[in-house]
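Structure, as structure tokens:
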Amino acid sequence: MMSSTILNRNRIEKLASAAFALIVWQISAMLIGESLFIVTPIAVVKRLFSLFTEADFFTSIGYSFLRIVAGFLIGLIAGSLMAAVAGKFHLAEIMFRPFIATIKSVPVASFIILCLIWLSMGTLSSFISFLMVLPIIYSNILQGIKSTDKKLLEMAEVFRVGLFRRIVFIYLPQLKPYLISACSVAMGLAWKSGIAAEVIGVTNGSIGEKLYEAKIYYTTADLFAWTLIIVVLSIGFEKLFLYLIKKFYAGLERL
């Protein structure tokens with residue numbers, strides 16, 4: 001009973017905050033009174049419905065979605081493997097350190113411009129998303145490995161527990177909060193950096209190209225509409241992916 005009450009209250013709070021944001025947006029647009037700078041929520045909704053009827057709407061979404069998600073997943077796998085190696089061998093952690101520090105400190109725009117020289121437009125957003133995700137996953141997973149209960153590891157050593165069982169029953173449960181936190185942050189950054197790469201590279205057939213066109217032709221309604229689409233895609237994928245991770249851990253606990 002208590003949990004359902006808290007859940008309902010959370011939903012009401014979310015709806016209230018969303019309504020407040022829309023009211024502020026509407027009032028701001030009315031006060032400015034210039035659609036070139038800011039359009040009303042109603043104008044954005046109308047533009048969204050008209051976008052649905054355009055031939056390349058879903059292909060643009062699919063193009064960007066597949067490449068950014070691919071970059072995120074590759075970054076997740078690569079970062080996890082690197083963290084596992086660094087957690088096992090301290091020398092590897094030392095060798096990885098300058099690369100991770102460089103990726104963290106160099107501006108995204110610098111990487112994008114540099115990668116325009118090396119890569120094709122089709123792989124640009126995937127690679128930039130991968131680069132931005134890699135250090136977040138690596139750092140969090142490595143911290144989780146280092147924080148693993150040493151007594152559990154000693155017990156596993158004494159009873160000669162195999163590597164697979166150690167991973168499943170010791171490391172994975174210990175890594176759960178680190179993995180969820182890392183994925184939550186990394187997914188948002190993957191979308192921001194991936195779309196930025198498409199805008200700067202003016203990648204044909206992508207969401208980034210649509211944003212660039214909105215800037216060129218001063219179609220503010222398009223800019224807001226496509227931005228809203230990006231937000232929905234990012235949040236939707238994040239919730240789905242985190243749900244799958246939690247389901248995976250729920251299945252793990254039943255073993």
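Naming works like this for the structure tokens: A, B, ... for the chains as they're shown, residue 1 at the start of each chain, ligands 1 onward in shown order.
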
Compile a residue-level contact table for segment 14-99 of chain A against segment 191-213 of chain A at a cut-off of 12 Å, reporting for every qualifying residue the shortest atom pair and its distance in Å to one decimal, with only C-alpha atoms counted, rows ordered by chain and ascending number, as JSON lines.
{"residue": "A:Leu51", "atom": "CA", "partner": "A:Lys210", "partner_atom": "CA", "distance": 11.0}
{"residue": "A:Ala55", "atom": "CA", "partner": "A:Gly205", "partner_atom": "CA", "distance": 11.3}
{"residue": "A:Asp56", "atom": "CA", "partner": "A:Gly205", "partner_atom": "CA", "distance": 7.7}
{"residue": "A:Phe57", "atom": "CA", "partner": "A:Ile207", "partner_atom": "CA", "distance": 8.8}
{"residue": "A:Phe58", "atom": "CA", "partner": "A:Ile207", "partner_atom": "CA", "distance": 9.9}
{"residue": "A:Thr59", "atom": "CA", "partner": "A:Gly205", "partner_atom": "CA", "distance": 7.2}
{"residue": "A:Ser60", "atom": "CA", "partner": "A:Ser206", "partner_atom": "CA", "distance": 4.6}
{"residue": "A:Ile61", "atom": "CA", "partner": "A:Ile207", "partner_atom": "CA", "distance": 6.2}
{"residue": "A:Gly62", "atom": "CA", "partner": "A:Ser206", "partner_atom": "CA", "distance": 8.3}
{"residue": "A:Tyr63", "atom": "CA", "partner": "A:Ser206", "partner_atom": "CA", "distance": 5.8}
{"residue": "A:Ser64", "atom": "CA", "partner": "A:Ser206", "partner_atom": "CA", "distance": 5.5}
{"residue": "A:Phe65", "atom": "CA", "partner": "A:Trp191", "partner_atom": "CA", "distance": 8.7}
{"residue": "A:Leu66", "atom": "CA", "partner": "A:Ser206", "partner_atom": "CA", "distance": 10.6}
{"residue": "A:Arg67", "atom": "CA", "partner": "A:Gly194", "partner_atom": "CA", "distance": 8.3}
{"residue": "A:Ile68", "atom": "CA", "partner": "A:Gly194", "partner_atom": "CA", "distance": 5.8}
{"residue": "A:Val69", "atom": "CA", "partner": "A:Trp191", "partner_atom": "CA", "distance": 8.3}
{"residue": "A:Ala70", "atom": "CA", "partner": "A:Gly194", "partner_atom": "CA", "distance": 10.7}
{"residue": "A:Gly71", "atom": "CA", "partner": "A:Gly194", "partner_atom": "CA", "distance": 8.5}
{"residue": "A:Phe72", "atom": "CA", "partner": "A:Trp191", "partner_atom": "CA", "distance": 8.8}

Those residues you just picked out, can you put them in a file as an mmCIF file, in the first residue's frame with N, CA and C atoms?
data_model
loop_
_atom_site.group_PDB
_atom_site.id
_atom_site.type_symbol
_atom_site.label_atom_id
_atom_site.label_comp_id
_atom_site.auth_asym_id
_atom_site.auth_seq_id
_atom_site.Cartn_x
_atom_site.Cartn_y
_atom_site.Cartn_z
ATOM 1 N N LEU A 51 6.202 16.154 -39.574
ATOM 2 C CA LEU A 51 7.422 15.393 -39.839
ATOM 3 C C LEU A 51 7.123 13.914 -40.056
ATOM 4 N N ALA A 55 8.889 11.567 -46.116
ATOM 5 C CA ALA A 55 9.394 10.261 -46.572
ATOM 6 C C ALA A 55 10.648 9.803 -45.832
ATOM 7 N N ASP A 56 11.523 10.745 -45.514
ATOM 8 C CA ASP A 56 12.807 10.360 -44.920
ATOM 9 C C ASP A 56 12.834 10.488 -43.398
ATOM 10 N N PHE A 57 11.675 10.676 -42.772
ATOM 11 C CA PHE A 57 11.630 10.866 -41.319
ATOM 12 C C PHE A 57 12.157 9.639 -40.576
ATOM 13 N N PHE A 58 11.560 8.487 -40.840
ATOM 14 C CA PHE A 58 11.941 7.279 -40.114
ATOM 15 C C PHE A 58 13.311 6.750 -40.538
ATOM 16 N N THR A 59 13.687 6.991 -41.790
ATOM 17 C CA THR A 59 15.022 6.559 -42.222
ATOM 18 C C THR A 59 16.109 7.374 -41.524
ATOM 19 N N SER A 60 15.858 8.663 -41.303
ATOM 20 C CA SER A 60 16.825 9.505 -40.580
ATOM 21 C C SER A 60 16.968 9.042 -39.135
ATOM 22 N N ILE A 61 15.830 8.727 -38.510
ATOM 23 C CA ILE A 61 15.865 8.237 -37.129
ATOM 24 C C ILE A 61 16.602 6.902 -37.060
ATOM 25 N N GLY A 62 16.262 6.001 -37.977
ATOM 26 C CA GLY A 62 16.914 4.688 -37.982
ATOM 27 C C GLY A 62 18.404 4.781 -38.224
ATOM 28 N N TYR A 63 18.798 5.667 -39.130
ATOM 29 C CA TYR A 63 20.224 5.856 -39.451
ATOM 30 C C TYR A 63 21.003 6.262 -38.202
ATOM 31 N N SER A 64 20.526 7.307 -37.533
ATOM 32 C CA SER A 64 21.240 7.807 -36.356
ATOM 33 C C SER A 64 21.147 6.826 -35.185
ATOM 34 N N PHE A 65 19.961 6.254 -34.994
ATOM 35 C CA PHE A 65 19.763 5.340 -33.863
ATOM 36 C C PHE A 65 20.711 4.143 -33.945
ATOM 37 N N LEU A 66 20.777 3.502 -35.089
ATOM 38 C CA LEU A 66 21.603 2.305 -35.234
ATOM 39 C C LEU A 66 23.082 2.612 -35.014
ATOM 40 N N ARG A 67 23.548 3.724 -35.551
ATOM 41 C CA ARG A 67 24.972 4.048 -35.445
ATOM 42 C C ARG A 67 25.371 4.488 -34.037
ATOM 43 N N ILE A 68 24.520 5.280 -33.399
ATOM 44 C CA ILE A 68 24.844 5.739 -32.038
ATOM 45 C C ILE A 68 24.751 4.578 -31.052
ATOM 46 N N VAL A 69 23.736 3.746 -31.186
ATOM 47 C CA VAL A 69 23.611 2.577 -30.305
ATOM 48 C C VAL A 69 24.770 1.610 -30.531
ATOM 49 N N ALA A 70 25.186 1.437 -31.781
ATOM 50 C CA ALA A 70 26.333 0.573 -32.079
ATOM 51 C C ALA A 70 27.592 1.108 -31.399
ATOM 52 N N GLY A 71 27.796 2.422 -31.472
ATOM 53 C CA GLY A 71 28.948 3.031 -30.808
ATOM 54 C C GLY A 71 28.907 2.830 -29.309
ATOM 55 N N PHE A 72 27.708 2.979 -28.729
ATOM 56 C CA PHE A 72 27.551 2.766 -27.288
ATOM 57 C C PHE A 72 27.874 1.323 -26.898
#

Each segment 189-246 of chain A residue no farther than 8 Å from segment 46-50 of chain A, nearest pair in Å, only C-alpha atoms, as JSON lines:
{"residue": "A:Ala221", "atom": "CA", "partner": "A:Arg47", "partner_atom": "CA", "distance": 6.5}
{"residue": "A:Asp222", "atom": "CA", "partner": "A:Arg47", "partner_atom": "CA", "distance": 6.8}
{"residue": "A:Ala225", "atom": "CA", "partner": "A:Leu48", "partner_atom": "CA", "distance": 5.7}

Report the closest atom pair, with its distance in Å rounded to one decimal, for each residue of segment 176-227 of chain A that has an atom no farther than 8 Å from segment 137-156 of chain A; count only C-alpha atoms, sort by chain and then rising residue number, and write it as a tab-separated table.
residue	atom	partner	partner_atom	distance
A:Tyr178	CA	A:Asn140	CA	5.6
A:Leu179	CA	A:Ile141	CA	6.4
A:Ser181	CA	A:Asn140	CA	8.0
A:Ala182	CA	A:Ile137	CA	5.5
A:Cys183	CA	A:Ile137	CA	7.1
A:Ala186	CA	A:Ile137	CA	7.3

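For the atom pair formed by atom CA of Ile100 of chain A and atom CA of Ile113 of chain A, the distance is 19.2 Å, given to one decimal.
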
Quiz item: Please, what distance in Å, to one decimal, runs between atom CA of Leu255 of chain A and atom CA of Phe169 of chain A?
Solution: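 About the pair atom CA of Leu255 of chain A and atom CA of Phe169 of chain A: they are 9.1 Å apart.
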
Practice problem: Identify, with DSSP run on backbone atoms, the residues in segment 14-177 of chain A assigned to alpha helix (DSSP H), and express the list as an MDAnalysis selection string. | Solution: chainID A and resid 14:32 41:52 57:88 90:105 108:118 121:146 150:158 163:166 172:177

Quiz item: Nearest to Ser184 of chain A: which of A:Thr227, A:Phe111, A:Pro41, A:Leu76 is it, counting only C-alpha atoms?
Solution: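 Once distances to Ser184 of chain A are computed over only C-alpha atoms, the minimum belongs to A:Leu76.
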
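The shortest atom-to-atom distance to Ser80 of chain A, with only C-alpha atoms taken into account, belongs to A:Ile136 out of A:Ile136, A:Ser126, A:Ala18, A:Ala190.
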
Quiz item: Looking at A:Leu81, A:Ile216, A:Leu244, A:Leu172, which one is nearest to Phe96 of chain A, with distances taken over only C-alpha atoms?
Solution: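 The closest residue to Phe96 of chain A is A:Leu81.
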
Quiz item: Smallest atom-to-atom distance to Ile167 of chain A: which of A:Leu15, A:Ala214, A:Ala84, A:Leu31, using only C-alpha atoms?
Solution: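 With only C-alpha atoms as the atom set, the closest residue is A:Ala84.
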